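Structure file work-v1.csv (CSV, C-alpha atoms and all ligand atoms) follows.
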chain,number,residue,atom,x,y,z
A,243,MET,CA,107.9,132.0,88.3
A,244,GLU,CA,108.6,131.2,92.0
A,245,MET,CA,105.5,131.4,94.2
A,246,LEU,CA,107.0,130.3,97.5
A,247,VAL,CA,110.4,131.3,99.1
A,248,VAL,CA,111.6,129.9,102.4
A,249,ASN,CA,114.6,131.5,104.1
A,250,ASN,CA,116.6,130.0,107.0
A,251,LEU,CA,113.6,128.6,108.6
A,252,TYR,CA,113.8,127.1,112.1
A,253,LYS,CA,111.2,125.7,114.5
A,254,SER,CA,112.0,124.2,117.9
A,255,PHE,CA,109.8,122.7,120.5
A,256,GLY,CA,111.7,122.9,123.8
A,257,GLY,CA,115.0,121.2,122.9
A,258,VAL,CA,113.7,119.5,119.7
A,259,LYS,CA,114.7,121.2,116.5
A,260,ALA,CA,111.8,120.0,114.4
A,261,VAL,CA,112.7,122.2,111.4
A,262,SER,CA,116.2,123.4,111.0
A,263,ASN,CA,117.8,125.9,108.5
A,264,ILE,CA,115.4,125.2,105.6
A,265,ASN,CA,115.9,127.2,102.4
A,266,MET,CA,113.9,126.6,99.3
A,267,LYS,CA,112.0,128.1,96.3
A,268,ILE,CA,109.0,126.5,94.7
A,269,GLU,CA,108.0,127.2,91.1
A,270,GLU,CA,104.5,127.8,90.0
A,271,GLY,CA,102.7,124.8,88.5
A,272,GLN,CA,104.9,122.1,89.9
A,273,ILE,CA,104.0,119.0,91.9
A,274,VAL,CA,106.6,118.8,94.6
A,275,GLY,CA,107.0,115.7,96.8
A,276,LEU,CA,108.2,116.1,100.4
A,277,ILE,CA,109.5,112.9,101.8
A,278,GLY,CA,111.6,111.7,104.7
A,279,PRO,CA,111.6,109.3,107.7
A,280,ASN,CA,109.0,109.6,110.5
A,281,GLY,CA,109.7,112.7,112.7
A,282,ALA,CA,111.7,114.4,110.0
A,283,GLY,CA,109.7,117.6,110.3
A,284,LYS,CA,107.5,117.3,107.3
A,285,THR,CA,104.1,118.1,109.0
A,286,THR,CA,105.8,120.8,111.1
A,287,PHE,CA,106.9,122.4,107.9
A,288,PHE,CA,103.3,122.4,106.6
A,289,ASN,CA,102.1,123.8,109.9
A,290,LEU,CA,104.6,126.6,109.4
A,291,LEU,CA,103.4,127.1,105.8
A,292,THR,CA,99.8,127.5,107.0
A,293,GLY,CA,100.3,129.7,110.1
A,294,ILE,CA,99.5,127.0,112.7
A,295,TYR,CA,103.0,127.5,114.1
A,296,SER,CA,105.1,130.7,113.7
A,297,PRO,CA,108.8,130.2,112.9
A,298,SER,CA,111.3,130.3,115.7
A,299,SER,CA,113.4,132.2,113.2
A,300,GLY,CA,113.6,132.7,109.4
A,301,ASP,CA,110.6,133.5,107.2
A,302,ILE,CA,108.3,132.2,104.5
A,303,VAL,CA,107.1,134.4,101.6
A,304,TYR,CA,104.2,133.6,99.2
A,305,LYS,CA,103.8,135.4,95.9
A,306,LEU,CA,100.3,134.5,95.1
A,307,ASN,CA,97.2,136.8,95.2
A,308,GLN,CA,99.5,139.2,96.9
A,309,GLU,CA,103.0,139.0,98.4
A,310,ILE,CA,102.7,138.0,102.1
A,311,SER,CA,105.2,136.8,104.6
A,312,SER,CA,104.9,134.5,107.6
A,313,ILE,CA,104.6,137.4,110.0
A,314,ASN,CA,101.0,137.8,108.7
A,315,PHE,CA,100.1,134.1,108.4
A,316,ARG,CA,97.0,133.0,110.5
A,317,PRO,CA,95.3,129.6,109.8
A,318,SER,CA,92.0,131.4,109.1
A,319,ARG,CA,93.6,133.7,106.5
A,320,MET,CA,95.4,131.2,104.4
A,321,VAL,CA,92.4,130.4,102.1
A,322,LYS,CA,92.1,134.1,101.3
A,323,TYR,CA,95.8,134.1,100.4
A,324,GLY,CA,95.3,131.1,98.1
A,325,VAL,CA,96.7,128.3,100.2
A,326,ALA,CA,94.6,125.2,101.1
A,327,ARG,CA,95.6,122.0,102.8
A,328,THR,CA,94.6,118.6,104.1
A,329,PHE,CA,95.7,117.0,107.3
A,330,GLN,CA,97.6,113.9,108.2
A,331,ASN,CA,94.8,113.0,110.6
A,332,ILE,CA,91.7,113.7,108.6
A,333,ARG,CA,89.7,116.6,109.8
A,334,LEU,CA,86.2,116.4,108.4
A,335,PHE,CA,82.9,117.4,110.1
A,336,LYS,CA,82.0,113.8,110.8
A,337,GLU,CA,78.3,114.4,111.5
A,338,MET,CA,77.8,116.3,108.3
A,339,THR,CA,77.3,115.0,104.8
A,340,VAL,CA,79.9,114.8,102.1
A,341,LEU,CA,78.1,117.6,100.2
A,342,GLU,CA,78.0,119.8,103.3
A,343,ASN,CA,81.7,119.3,104.1
A,344,VAL,CA,82.7,120.4,100.6
A,345,LEU,CA,80.3,123.3,100.6
A,346,ILE,CA,82.1,124.6,103.7
A,347,GLY,CA,85.3,124.7,101.6
A,348,TYR,CA,83.6,126.7,99.0
A,349,HIS,CA,82.2,129.2,101.4
A,350,ASN,CA,85.5,129.7,103.1
A,351,ASN,CA,86.5,131.5,99.9
A,352,PHE,CA,83.5,133.7,99.7
A,353,LYS,CA,82.4,136.6,101.8
A,354,TYR,CA,78.9,137.8,101.5
A,355,ASN,CA,78.2,141.4,101.6
A,356,LEU,CA,76.7,141.8,105.1
A,357,PHE,CA,73.4,143.2,103.8
A,358,THR,CA,73.1,140.5,101.1
A,359,SER,CA,73.3,137.8,103.7
A,360,LEU,CA,71.3,139.5,106.4
A,361,PHE,CA,68.3,140.1,104.3
A,362,ARG,CA,68.8,137.1,102.0
A,363,LEU,CA,68.9,139.4,98.9
A,364,PRO,CA,68.8,137.8,95.4
A,365,GLY,CA,72.6,137.8,95.3
A,366,TYR,CA,72.6,135.4,98.2
A,367,TYR,CA,70.4,132.8,96.5
A,368,LYS,CA,72.2,133.2,93.2
A,369,HIS,CA,75.4,132.5,95.0
A,370,GLU,CA,74.0,129.5,96.9
A,371,ASP,CA,72.9,128.0,93.5
A,372,GLU,CA,76.3,128.5,92.0
A,373,ALA,CA,78.0,127.0,95.1
A,374,TYR,CA,75.8,123.9,94.9
A,375,ASP,CA,76.5,123.5,91.1
A,376,GLU,CA,80.2,123.8,91.5
A,377,VAL,CA,80.4,121.5,94.4
A,378,VAL,CA,78.3,118.9,92.6
A,379,GLU,CA,80.7,119.1,89.7
A,380,LEU,CA,83.6,118.6,92.0
A,381,LEU,CA,82.0,115.6,93.7
A,382,LYS,CA,81.4,114.0,90.3
A,383,THR,CA,85.0,114.4,89.4
A,384,PHE,CA,86.0,112.8,92.6
A,385,ASN,CA,83.5,109.9,92.1
A,386,LEU,CA,81.7,110.9,95.2
A,387,TYR,CA,78.5,112.2,93.8
A,388,ASP,CA,76.6,109.0,94.7
A,389,LYS,CA,77.7,109.5,98.3
A,390,LYS,CA,76.9,113.2,98.6
A,391,ASP,CA,74.2,112.6,101.3
A,392,VAL,CA,76.3,110.1,103.4
A,393,LEU,CA,77.7,111.4,106.7
A,394,ALA,CA,81.4,111.8,106.5
A,395,LYS,CA,81.9,109.4,109.5
A,396,ASN,CA,80.3,106.6,107.5
A,397,LEU,CA,82.7,106.7,104.6
A,398,PRO,CA,85.6,104.3,104.3
A,399,TYR,CA,88.9,106.0,105.1
A,400,GLY,CA,90.1,106.4,101.5
A,401,GLU,CA,87.0,108.2,100.6
A,402,GLN,CA,87.2,110.5,103.6
A,403,ARG,CA,90.7,111.5,102.3
A,404,LYS,CA,89.1,112.3,98.9
A,405,VAL,CA,86.4,114.4,100.6
A,406,GLU,CA,89.0,116.4,102.4
A,407,ILE,CA,90.9,117.1,99.1
A,408,ALA,CA,87.7,118.1,97.4
A,409,ARG,CA,86.9,120.5,100.3
A,410,ALA,CA,90.4,122.0,100.0
A,411,LEU,CA,89.9,122.5,96.2
A,412,ALA,CA,86.5,124.0,96.7
A,413,SER,CA,88.2,127.0,98.2
A,414,LYS,CA,89.9,127.6,94.9
A,415,PRO,CA,93.5,127.7,96.1
A,416,LYS,CA,96.6,128.5,94.1
A,417,LEU,CA,98.7,126.2,96.3
A,418,LEU,CA,97.4,122.9,97.6
A,419,LEU,CA,99.3,121.2,100.5
A,420,LEU,CA,98.5,117.5,101.0
A,421,ASP,CA,99.7,115.7,104.1
A,422,GLU,CA,99.9,112.0,103.3
A,423,PRO,CA,96.9,111.9,100.8
A,424,ALA,CA,97.3,108.1,100.1
A,425,ALA,CA,97.5,107.0,103.8
A,426,GLY,CA,94.9,104.3,104.4
A,427,MET,CA,94.3,103.8,100.7
A,428,ASN,CA,94.6,100.5,98.9
A,429,PRO,CA,96.8,100.2,95.8
A,430,GLN,CA,93.8,100.7,93.4
A,431,GLU,CA,92.7,103.8,95.3
A,432,THR,CA,96.3,105.1,95.3
A,433,ARG,CA,96.5,104.8,91.6
A,434,GLU,CA,93.2,106.6,91.1
A,435,LEU,CA,94.4,109.3,93.5
A,436,THR,CA,97.7,109.7,91.5
A,437,GLU,CA,95.6,110.4,88.3
A,438,LEU,CA,93.3,112.6,90.2
A,439,ILE,CA,96.1,114.9,91.5
A,440,GLN,CA,97.6,115.1,88.0
A,441,TRP,CA,94.2,116.1,86.6
A,442,ILE,CA,93.6,118.6,89.3
A,443,ARG,CA,96.9,120.3,88.6
A,444,GLU,CA,96.0,120.8,84.9
A,445,GLU,CA,92.4,121.7,85.4
A,446,PHE,CA,92.8,124.1,88.3
A,447,ASP,CA,96.2,125.5,87.4
A,448,LEU,CA,97.6,124.6,90.7
A,449,THR,CA,100.9,124.2,92.5
A,450,VAL,CA,100.9,121.1,94.8
A,451,ILE,CA,103.2,120.1,97.6
A,452,LEU,CA,102.5,116.7,99.0
A,453,ILE,CA,104.0,114.7,101.9
A,454,GLU,CA,103.9,111.0,101.2
A,455,HIS,CA,105.4,107.7,102.3
A,456,ASP,CA,104.0,105.8,99.3
A,457,MET,CA,107.0,105.9,97.0
A,458,SER,CA,105.2,104.7,93.9
A,459,LEU,CA,102.9,107.7,94.1
A,460,VAL,CA,105.7,110.1,94.8
A,461,MET,CA,107.9,108.8,91.9
A,462,ASP,CA,105.0,108.7,89.4
A,463,LEU,CA,103.6,112.1,90.3
A,464,CYS,CA,106.2,114.5,91.3
A,465,ASP,CA,108.3,116.8,89.1
A,466,ASP,CA,110.6,117.6,92.0
A,467,ILE,CA,111.3,115.8,95.3
A,468,ILE,CA,112.6,117.3,98.5
A,469,VAL,CA,113.9,115.1,101.3
A,470,PHE,CA,113.9,116.0,104.9
A,471,ASN,CA,115.9,114.2,107.6
A,472,TYR,CA,116.1,115.3,111.2
A,473,GLY,CA,114.5,118.6,110.4
A,474,THR,CA,117.0,119.5,107.7
A,475,LEU,CA,116.8,119.5,103.9
A,476,LEU,CA,118.9,116.5,102.9
A,477,ALA,CA,118.4,116.5,99.2
A,478,ARG,CA,116.4,117.8,96.3
A,479,GLY,CA,116.0,116.6,92.7
A,480,THR,CA,114.0,114.7,90.1
A,481,PRO,CA,112.6,111.3,91.0
A,482,GLU,CA,115.5,109.6,89.3
A,483,GLU,CA,118.1,111.7,91.1
A,484,ILE,CA,116.5,111.1,94.5
A,485,GLN,CA,116.2,107.3,93.9
A,486,ASN,CA,119.9,107.2,93.1
A,487,ASN,CA,121.1,109.5,95.9
A,488,PRO,CA,123.3,107.5,98.3
A,489,GLU,CA,122.5,109.9,101.2
A,490,VAL,CA,118.8,109.4,100.7
A,491,ILE,CA,119.1,105.7,100.5
A,492,LYS,CA,121.1,105.7,103.8
A,493,ALA,CA,118.6,108.0,105.6
A,494,TYR,CA,115.7,105.7,104.7
A,495,LEU,CA,117.5,102.4,105.5
A,496,GLY,CA,118.8,103.8,108.7
A,497,GLY,CA,115.7,105.7,109.7
A,498,GLU,CA,112.7,103.4,109.1
B,1,LIG,N1,103.6,120.5,118.8
B,1,LIG,C1,104.7,119.9,119.1
B,1,LIG,N2,105.3,119.9,120.3
B,1,LIG,C2,106.4,119.2,120.5
B,1,LIG,N3,107.1,118.5,119.6
B,1,LIG,C3,106.6,118.5,118.3
B,1,LIG,C4,105.4,119.1,118.0
B,1,LIG,N4,105.1,118.9,116.7
B,1,LIG,C5,106.1,118.2,116.2
B,1,LIG,N5,107.0,117.9,117.2
B,1,LIG,C6,108.2,117.1,117.1
B,1,LIG,O1,108.9,117.6,115.9
B,1,LIG,C7,109.5,116.5,115.2
B,1,LIG,C8,109.0,116.5,113.8
B,1,LIG,O2,107.6,116.0,113.8
B,1,LIG,P1,106.7,116.0,112.5
B,1,LIG,O3,105.3,115.7,112.9
B,1,LIG,O4,106.8,117.3,111.8
B,1,LIG,O5,107.3,114.9,111.6
B,1,LIG,P2,106.9,114.2,110.2
B,1,LIG,O6,108.0,114.3,109.3
B,1,LIG,O7,105.6,114.8,109.8
B,1,LIG,O8,106.7,112.7,110.7
B,1,LIG,P3,105.6,111.6,110.2
B,1,LIG,O9,106.2,111.0,108.9
B,1,LIG,O10,105.7,110.5,111.2
B,1,LIG,O11,104.3,112.2,110.0
B,1,LIG,C9,109.2,115.2,116.0
B,1,LIG,O12,110.3,115.0,116.8
B,1,LIG,C10,108.0,115.6,116.8
B,1,LIG,O13,107.9,114.9,118.0
B,2,MG,MG,103.7,114.0,109.5
Target format structure tokens, applied to this file:
Amino acid sequence: MEMLVVNNLYKSFGGVKAVSNINMKIEEGQIVGLIGPNGAGKTTFFNLLTGIYSPSSGDIVYKLNQEISSINFRPSRMVKYGVARTFQNIRLFKEMTVLENVLIGYHNNFKYNLFTSLFRLPGYYKHEDEAYDEVVELLKTFNLYDKKDVLAKNLPYGEQRKVEIARALASKPKLLLLDEPAAGMNPQETRELTELIQWIREEFDLTVILIEHDMSLVMDLCDDIIVFNYGTLLARGTPEEIQNNPEVIKAYLGGE
């Protein structure tokens, strides 16, 4: 079943066409890689998928908790729609602990009844306990439990990336968008991340789209790869097809 449909999508900034005539469908349960040279429009595409930018023209439709189109996207609503993301430039609350950062992800998905939270009724405490337990489980999975009380700013870069992924997952998304999850990781961390993303997909029944420059991760992990070049969709296929596509090879050799 397709869960995302993109039609004739364009986004320009002044004279720059950052995203140009993109059409695609994404099937539920897939891990899709989005690759392409620097400036190809990958992050802009994620910003369109999450309501940070609105399209110059064209539209995006999700068929998740409900059917919604890009006219209704707002960054603050995306979690409710079932879409969570991480950022190319990590955005954690640096002065908060690992645990607190991930709890925020959890609470993004949960609205207390006004009275329950105002008067701290039993439901409030019950929910807080559940939140804590679930987040602790998540931290254990991510090998971050020992660091739950460390301030985010004091973690090495690779672990900050993992906290951001855990925070996105805590909101219980159906679609997870990862913008360069392996950036700043060493080869060992990258291998662990590859396994973690695979495991997450099975465990949480997710669809994942990930932007990545690390080709070993992309080729190992992705069912389907989409290549952007100068804002347009240059190619799409299996890892093997993409590796052997002359146009893709040319774009990479010429572009980076
Ligand atoms: N807010 C903005 N204002 C003006 N131009 C922008 C803006 N955001 C992106 N661009 C331009 O759009 C183009 C695509 O940028 P984008 O960040 O989407 O590329 P990218 O594929 O994510 O690159 P990288 O791999 O380096 O992260 C670039 O030319 C960039 O300068
Ligand atoms: Mg980018």
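Nearest-residue note for Ala282 (chain A): choosing from A:Asp301, A:Ile439, A:Leu411, A:Val258, the minimum distance belongs to A:Val258, counting only C-alpha atoms.
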Show me which residues sit within 10 Å of ligand MG 2 (chain B) when counting only C-alpha atoms and all ligand atoms, and put them as a VMD selection string. chain A and resid 277 to 289 329 to 331 421 to 422 453 to 455
Please determine, counting only C-alpha atoms and all ligand atoms, which residue among A:Leu251, A:Thr339, A:Asp456, A:Gly256 has the shortest atom-to-atom distance to ligand LIG 1 (chain B).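 Closest residue, counting only C-alpha atoms and all ligand atoms: A:Gly256.
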Interatomic distance between CA of Tyr323 (chain A) and CA of Ser298 (chain A)? 22.1 Å
Would you work out the distance separating atom O4 of ligand LIG 1 (chain B) from CA of Leu345 (chain A), expressed in Å to one decimal? 29.4 Å
Would you mind telling me which residue in A:Met320, A:Leu291, A:Val378, A:Leu341 lies nearest to ligand LIG 1 (chain B) when using all atoms listed in the file?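 Nearest to ligand LIG 1 (chain B): A:Leu291.
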From the list A:Lys404, A:Asp375, A:Leu419, A:Lys390, which residue is nearest Gly324 (chain A) when using all atoms listed in the file?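 Smallest distance to Gly324 (chain A) is found for A:Leu419.
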Hey, which of A:Glu431, A:Glu444, A:Glu379, A:Glu337 ends up closest to Gly271 (chain A)? Count all atoms listed in the file.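 Between A:Glu431, A:Glu444, A:Glu379, A:Glu337, the residue approaching Gly271 (chain A) most closely is A:Glu444.
Of the residues listed (A:Ala260, A:Val321, A:Ile346, A:Leu418), A:Ala260 shows the shortest atom-to-atom separation from ligand LIG 1 (chain B); distances use all atoms listed in the file.
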Sphere at (85.2, 118.0, 106.6), radius 12 Å, counting all atoms listed in the file: residues as a compact mmCIF listing (two decimals) with C-alpha atoms, in the coordinates of the input:
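Output saved as result_31.txt:
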# COMPACT_ATOMS: atom_id res chain seq x y z
CA ARG A 327 95.60 122.00 102.80
CA THR A 328 94.60 118.60 104.10
CA PHE A 329 95.70 117.00 107.30
CA ASN A 331 94.80 113.00 110.60
CA ILE A 332 91.70 113.70 108.60
CA ARG A 333 89.70 116.60 109.80
CA LEU A 334 86.20 116.40 108.40
CA PHE A 335 82.90 117.40 110.10
CA LYS A 336 82.00 113.80 110.80
CA GLU A 337 78.30 114.40 111.50
CA MET A 338 77.80 116.30 108.30
CA THR A 339 77.30 115.00 104.80
CA VAL A 340 79.90 114.80 102.10
CA LEU A 341 78.10 117.60 100.20
CA GLU A 342 78.00 119.80 103.30
CA ASN A 343 81.70 119.30 104.10
CA VAL A 344 82.70 120.40 100.60
CA LEU A 345 80.30 123.30 100.60
CA ILE A 346 82.10 124.60 103.70
CA GLY A 347 85.30 124.70 101.60
CA TYR A 348 83.60 126.70 99.00
CA LEU A 393 77.70 111.40 106.70
CA ALA A 394 81.40 111.80 106.50
CA LYS A 395 81.90 109.40 109.50
CA LEU A 397 82.70 106.70 104.60
CA GLU A 401 87.00 108.20 100.60
CA GLN A 402 87.20 110.50 103.60
CA ARG A 403 90.70 111.50 102.30
CA LYS A 404 89.10 112.30 98.90
CA VAL A 405 86.40 114.40 100.60
CA GLU A 406 89.00 116.40 102.40
CA ILE A 407 90.90 117.10 99.10
CA ALA A 408 87.70 118.10 97.40
CA ARG A 409 86.90 120.50 100.30
CA ALA A 410 90.40 122.00 100.00
CA ALA A 412 86.50 124.00 96.70
Distance query Phe315 (chain A) at most 9 Å, all atoms listed in the file, self and fewer than 6 positions along chain excluded, as a list in words: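 In the requested form, the answer reads Leu290, Leu291, Thr292, Gly293, Ile294 and Ser296 of chain A.
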Using the selection just defined, write its residues with C-alpha atoms as a compact mmCIF listing (two decimals), in the coordinates of the input.
# COMPACT_ATOMS: atom_id res chain seq x y z
CA LEU A 290 104.60 126.60 109.40
CA LEU A 291 103.40 127.10 105.80
CA THR A 292 99.80 127.50 107.00
CA GLY A 293 100.30 129.70 110.10
CA ILE A 294 99.50 127.00 112.70
CA SER A 296 105.10 130.70 113.70
Have a look at CA of Met266 (chain A) and atom P1 of ligand LIG 1 (chain B) and let me know their distance in Å, one decimal.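 These atoms are spaced 18.4 Å apart.
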Residues within 12 Å of (96.1, 111.9, 88.7), counting all atoms listed in the file, listed as a ChimeraX atom specification: /A:273,383-384,431-445,459-460,462-464
Residues of the last selection are to be written out with C-alpha atoms, as a PDB file, in the coordinates of the input.
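Final output, part35.pdb:
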ATOM      1  CA  ILE A 273     104.000 119.000  91.900  1.00  0.00           C
ATOM      2  CA  THR A 383      85.000 114.400  89.400  1.00  0.00           C
ATOM      3  CA  PHE A 384      86.000 112.800  92.600  1.00  0.00           C
ATOM      4  CA  GLU A 431      92.700 103.800  95.300  1.00  0.00           C
ATOM      5  CA  THR A 432      96.300 105.100  95.300  1.00  0.00           C
ATOM      6  CA  ARG A 433      96.500 104.800  91.600  1.00  0.00           C
ATOM      7  CA  GLU A 434      93.200 106.600  91.100  1.00  0.00           C
ATOM      8  CA  LEU A 435      94.400 109.300  93.500  1.00  0.00           C
ATOM      9  CA  THR A 436      97.700 109.700  91.500  1.00  0.00           C
ATOM     10  CA  GLU A 437      95.600 110.400  88.300  1.00  0.00           C
ATOM     11  CA  LEU A 438      93.300 112.600  90.200  1.00  0.00           C
ATOM     12  CA  ILE A 439      96.100 114.900  91.500  1.00  0.00           C
ATOM     13  CA  GLN A 440      97.600 115.100  88.000  1.00  0.00           C
ATOM     14  CA  TRP A 441      94.200 116.100  86.600  1.00  0.00           C
ATOM     15  CA  ILE A 442      93.600 118.600  89.300  1.00  0.00           C
ATOM     16  CA  ARG A 443      96.900 120.300  88.600  1.00  0.00           C
ATOM     17  CA  GLU A 444      96.000 120.800  84.900  1.00  0.00           C
ATOM     18  CA  GLU A 445      92.400 121.700  85.400  1.00  0.00           C
ATOM     19  CA  LEU A 459     102.900 107.700  94.100  1.00  0.00           C
ATOM     20  CA  VAL A 460     105.700 110.100  94.800  1.00  0.00           C
ATOM     21  CA  ASP A 462     105.000 108.700  89.400  1.00  0.00           C
ATOM     22  CA  LEU A 463     103.600 112.100  90.300  1.00  0.00           C
ATOM     23  CA  CYS A 464     106.200 114.500  91.300  1.00  0.00           C
TER      24      CYS A 464
END
Surrounding residues of Tyr494 (chain A) excluding itself and chain neighbours under 2 positions, 12 Å, only C-alpha atoms, as a PDB file with C-alpha atoms, in the frame of the given file:
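Output file around_27.pdb is given in full below:
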ATOM      1  CA  ILE A 277     109.500 112.900 101.800  1.00  0.00           C
ATOM      2  CA  GLY A 278     111.600 111.700 104.700  1.00  0.00           C
ATOM      3  CA  PRO A 279     111.600 109.300 107.700  1.00  0.00           C
ATOM      4  CA  ASN A 280     109.000 109.600 110.500  1.00  0.00           C
ATOM      5  CA  ALA A 282     111.700 114.400 110.000  1.00  0.00           C
ATOM      6  CA  HIS A 455     105.400 107.700 102.300  1.00  0.00           C
ATOM      7  CA  MET A 457     107.000 105.900  97.000  1.00  0.00           C
ATOM      8  CA  VAL A 469     113.900 115.100 101.300  1.00  0.00           C
ATOM      9  CA  PHE A 470     113.900 116.000 104.900  1.00  0.00           C
ATOM     10  CA  ASN A 471     115.900 114.200 107.600  1.00  0.00           C
ATOM     11  CA  TYR A 472     116.100 115.300 111.200  1.00  0.00           C
ATOM     12  CA  LEU A 476     118.900 116.500 102.900  1.00  0.00           C
ATOM     13  CA  ILE A 484     116.500 111.100  94.500  1.00  0.00           C
ATOM     14  CA  GLN A 485     116.200 107.300  93.900  1.00  0.00           C
ATOM     15  CA  ASN A 487     121.100 109.500  95.900  1.00  0.00           C
ATOM     16  CA  PRO A 488     123.300 107.500  98.300  1.00  0.00           C
ATOM     17  CA  GLU A 489     122.500 109.900 101.200  1.00  0.00           C
ATOM     18  CA  VAL A 490     118.800 109.400 100.700  1.00  0.00           C
ATOM     19  CA  ILE A 491     119.100 105.700 100.500  1.00  0.00           C
ATOM     20  CA  LYS A 492     121.100 105.700 103.800  1.00  0.00           C
ATOM     21  CA  GLY A 496     118.800 103.800 108.700  1.00  0.00           C
ATOM     22  CA  GLY A 497     115.700 105.700 109.700  1.00  0.00           C
ATOM     23  CA  GLU A 498     112.700 103.400 109.100  1.00  0.00           C
TER      24      GLU A 498
END
